[in-house]
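Novice: Can you read through this structure? Questions will come right after.
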Amino acid sequence: METRDKVEFVPAKSTDIIQVKNLKKYYNKGVIKALDDVSVNIRRGEVLVVIGPSGSGKSNLLRSLNLTEIPTDGHIIFDGVDITSKKIPNEKGRMVKLNIDRHRQRMGMVFQHFNLFPHMTVLGNLMLAPMKLLKLSKEEAEERA
């Protein structure tokens with residue numbers, strides 16, 4: 001496996017929101033290769049469809065983009081920040097711990113099995129996360145929903 005510091009980056013265009021570079025996800029000590037050297041640039045506003053047979057790594061790729069699945073190797077640069085790094089430079093140039101939750105708030109993800117709470121209305125389901133995670137008022141959450 002290559003190490004993270006040996007990867008050379010193609011400079012991001014100002015329109016690139018996500019850069020995936022040499023992404024790998026291995027299981028069973030490298031026996032199962034769910035993702036093997038995947039690279040892609042996704043532009044701001046672009047719609048991208050990931051199609052493939054069952055077991056081809058689609059879900060692993062999507063879960064890796066917001067680090068709900070931790071890649072074995074490679075880089076994911078989200079809006080100029082390498083979110084696969086444990087530490088990133090702050091505005092003063094000091095290395096600080098990456099706050100992945102801050103980046104996840106700016107990402108959207110629709111789960112394959114997006115089970116709603118059956119005891120709530122659709123509106124109630126849509127309002128729940130913004131109220132709990134973003135601390136929006138009921139009125140703000142309802143307006144957004």
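Residue numbers start at 1 in each chain; chains themselves are named A, B, ... in the order of the structure tokens; ligands are numbered from 1 in the order shown.
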I want to know what sits within 12 Å of Asn115 (chain A), based on only C-alpha atoms, with residues of the same chain fewer than 6 positions away left out; could you give that as JSON, numbers by chain?
Specialist: {"A": [122, 125, 126]}
Novice: Write out as a ChimeraX atom specification the residues lying within 7 Å of Arg43 (chain A), counting only C-alpha atoms and excluding same-chain residues fewer than 4 positions away.
Specialist: /A:15-18
Novice: So that I can check the surroundings of Val50 (chain A), please list as a JSON list (two decimals) with C-alpha atoms, in the first residue's frame every protein, DNA and RNA residue that reaches within 10 Å of it, counting only C-alpha atoms and ignoring chain neighbours fewer than 3 positions away.
Specialist:
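The resulting file, out.json, is reproduced below:
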```
[["chain", "number", "residue", "atom", "x", "y", "z"],
["A", 57, "GLY", "CA", -18.15, -0.52, -4.15],
["A", 58, "LYS", "CA", -20.84, 2.12, -4.77],
["A", 59, "SER", "CA", -21.95, 2.31, -1.14],
["A", 61, "LEU", "CA", -17.50, 5.14, -2.08],
["A", 62, "LEU", "CA", -20.48, 7.20, -0.93]]
```
Novice: Find the residues around Asn22 (chain A) up to 8 Å (only C-alpha atoms counted), leave out those fewer than 4 positions away in its own chain, and share them as number ranges by chain.
Specialist: A: 7, 36-39, 73-75
Novice: What's the 12 Å shell around region 79-95 of chain A, counting only C-alpha atoms, without same-chain residues fewer than 5 positions away, as a VMD selection string?
Specialist: chain A and resid 4 to 5 9 11 to 24 41 to 44 64 to 74 100 to 104 106 to 107
Novice: If you count only C-alpha atoms, which residues fall within 12 Å of Leu123 (chain A), apart from same-chain ones fewer than 4 positions away, as a ChimeraX atom specification?
Specialist: /A:116-119,127-130,138-139,141-145
Novice: As an mmCIF file with N, CA and C atoms, in the first residue's frame, please: every residue in chain A that a backbone DSSP assignment puts in alpha helix (DSSP H).
Specialist:
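For reference, selection.cif as written:
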```cif
data_model
loop_
_atom_site.group_PDB
_atom_site.id
_atom_site.type_symbol
_atom_site.label_atom_id
_atom_site.label_comp_id
_atom_site.auth_asym_id
_atom_site.auth_seq_id
_atom_site.Cartn_x
_atom_site.Cartn_y
_atom_site.Cartn_z
ATOM 1 N N LYS A 58 -20.081 0.857 -4.720
ATOM 2 C CA LYS A 58 -20.838 2.117 -4.773
ATOM 3 C C LYS A 58 -21.098 2.668 -3.377
ATOM 4 N N SER A 59 -21.634 1.860 -2.502
ATOM 5 C CA SER A 59 -21.954 2.315 -1.143
ATOM 6 C C SER A 59 -20.689 2.644 -0.363
ATOM 7 N N ASN A 60 -19.637 1.870 -0.540
ATOM 8 C CA ASN A 60 -18.369 2.173 0.131
ATOM 9 C C ASN A 60 -17.837 3.524 -0.304
ATOM 10 N N LEU A 61 -17.950 3.837 -1.582
ATOM 11 C CA LEU A 61 -17.501 5.138 -2.075
ATOM 12 C C LEU A 61 -18.312 6.266 -1.448
ATOM 13 N N LEU A 62 -19.624 6.139 -1.469
ATOM 14 C CA LEU A 62 -20.485 7.196 -0.930
ATOM 15 C C LEU A 62 -20.285 7.382 0.573
ATOM 16 N N ARG A 63 -20.159 6.278 1.298
ATOM 17 C CA ARG A 63 -19.935 6.391 2.744
ATOM 18 C C ARG A 63 -18.555 6.967 3.044
ATOM 19 N N SER A 64 -17.597 6.708 2.167
ATOM 20 C CA SER A 64 -16.256 7.262 2.363
ATOM 21 C C SER A 64 -16.240 8.775 2.182
ATOM 22 N N LEU A 65 -17.101 9.293 1.316
ATOM 23 C CA LEU A 65 -17.096 10.728 1.035
ATOM 24 C C LEU A 65 -17.399 11.581 2.260
ATOM 25 N N ILE A 100 -14.738 16.887 11.448
ATOM 26 C CA ILE A 100 -15.485 16.284 10.341
ATOM 27 C C ILE A 100 -16.966 16.629 10.408
ATOM 28 N N ASP A 101 -17.499 16.817 11.610
ATOM 29 C CA ASP A 101 -18.921 17.166 11.726
ATOM 30 C C ASP A 101 -19.221 18.489 11.024
ATOM 31 N N ARG A 102 -18.288 19.429 11.088
ATOM 32 C CA ARG A 102 -18.473 20.719 10.410
ATOM 33 C C ARG A 102 -18.589 20.520 8.899
ATOM 34 N N HIS A 103 -17.799 19.614 8.366
ATOM 35 C CA HIS A 103 -17.842 19.338 6.923
ATOM 36 C C HIS A 103 -19.087 18.539 6.556
ATOM 37 N N ARG A 104 -19.466 17.622 7.417
ATOM 38 C CA ARG A 104 -20.671 16.825 7.144
ATOM 39 C C ARG A 104 -21.926 17.689 7.086
ATOM 40 N N VAL A 122 -44.146 13.065 7.540
ATOM 41 C CA VAL A 122 -42.991 13.349 6.682
ATOM 42 C C VAL A 122 -42.366 14.675 7.119
ATOM 43 N N LEU A 123 -43.210 15.659 7.372
ATOM 44 C CA LEU A 123 -42.719 16.962 7.818
ATOM 45 C C LEU A 123 -41.934 16.830 9.119
ATOM 46 N N GLY A 124 -42.453 16.077 10.066
ATOM 47 C CA GLY A 124 -41.764 15.859 11.337
ATOM 48 C C GLY A 124 -40.413 15.189 11.153
ATOM 49 N N ASN A 125 -40.346 14.205 10.244
ATOM 50 C CA ASN A 125 -39.080 13.541 9.943
ATOM 51 C C ASN A 125 -38.073 14.528 9.352
ATOM 52 N N LEU A 126 -38.549 15.406 8.466
ATOM 53 C CA LEU A 126 -37.663 16.376 7.828
ATOM 54 C C LEU A 126 -37.172 17.440 8.804
ATOM 55 N N MET A 127 -37.964 17.744 9.807
ATOM 56 C CA MET A 127 -37.611 18.787 10.776
ATOM 57 C C MET A 127 -36.663 18.285 11.871
ATOM 58 N N LEU A 128 -36.657 16.995 12.121
ATOM 59 C CA LEU A 128 -35.948 16.442 13.275
ATOM 60 C C LEU A 128 -34.444 16.754 13.274
ATOM 61 N N ALA A 129 -33.750 16.415 12.205
ATOM 62 C CA ALA A 129 -32.290 16.619 12.178
ATOM 63 C C ALA A 129 -31.901 18.088 12.276
ATOM 64 N N PRO A 130 -32.525 18.990 11.514
ATOM 65 C CA PRO A 130 -32.141 20.403 11.661
ATOM 66 C C PRO A 130 -32.358 20.943 13.078
ATOM 67 N N MET A 131 -33.395 20.461 13.753
ATOM 68 C CA MET A 131 -33.647 20.923 15.123
ATOM 69 C C MET A 131 -32.612 20.350 16.092
ATOM 70 N N LYS A 132 -32.294 19.073 15.954
ATOM 71 C CA LYS A 132 -31.369 18.415 16.885
ATOM 72 C C LYS A 132 -29.915 18.779 16.598
ATOM 73 N N LEU A 133 -29.515 18.734 15.325
ATOM 74 C CA LEU A 133 -28.110 18.921 14.978
ATOM 75 C C LEU A 133 -27.729 20.373 14.748
ATOM 76 N N LYS A 138 -38.198 25.328 15.959
ATOM 77 C CA LYS A 138 -39.231 24.552 15.280
ATOM 78 C C LYS A 138 -39.722 25.307 14.050
ATOM 79 N N GLU A 139 -39.887 26.603 14.168
ATOM 80 C CA GLU A 139 -40.388 27.421 13.057
ATOM 81 C C GLU A 139 -39.381 27.448 11.900
ATOM 82 N N GLU A 140 -38.082 27.611 12.219
ATOM 83 C CA GLU A 140 -37.046 27.639 11.177
ATOM 84 C C GLU A 140 -36.974 26.285 10.471
ATOM 85 N N ALA A 141 -37.000 25.215 11.257
ATOM 86 C CA ALA A 141 -36.921 23.865 10.692
ATOM 87 C C ALA A 141 -38.120 23.578 9.810
ATOM 88 N N GLU A 142 -39.301 24.025 10.246
ATOM 89 C CA GLU A 142 -40.503 23.793 9.458
ATOM 90 C C GLU A 142 -40.457 24.567 8.147
ATOM 91 N N GLU A 143 -39.963 25.786 8.190
ATOM 92 C CA GLU A 143 -39.853 26.593 6.964
ATOM 93 C C GLU A 143 -38.894 25.936 5.964
ATOM 94 N N ARG A 144 -37.765 25.426 6.456
ATOM 95 C CA ARG A 144 -36.792 24.763 5.580
ATOM 96 C C ARG A 144 -37.339 23.453 5.039
#
```
Novice: To one decimal place in Å, what is the distance between CA of Ser56 (chain A) and CA of Ala34 (chain A)?
Specialist: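 Spanning CA of Ser56 (chain A) to CA of Ala34 (chain A) is a straight-line distance of 6.9 Å.
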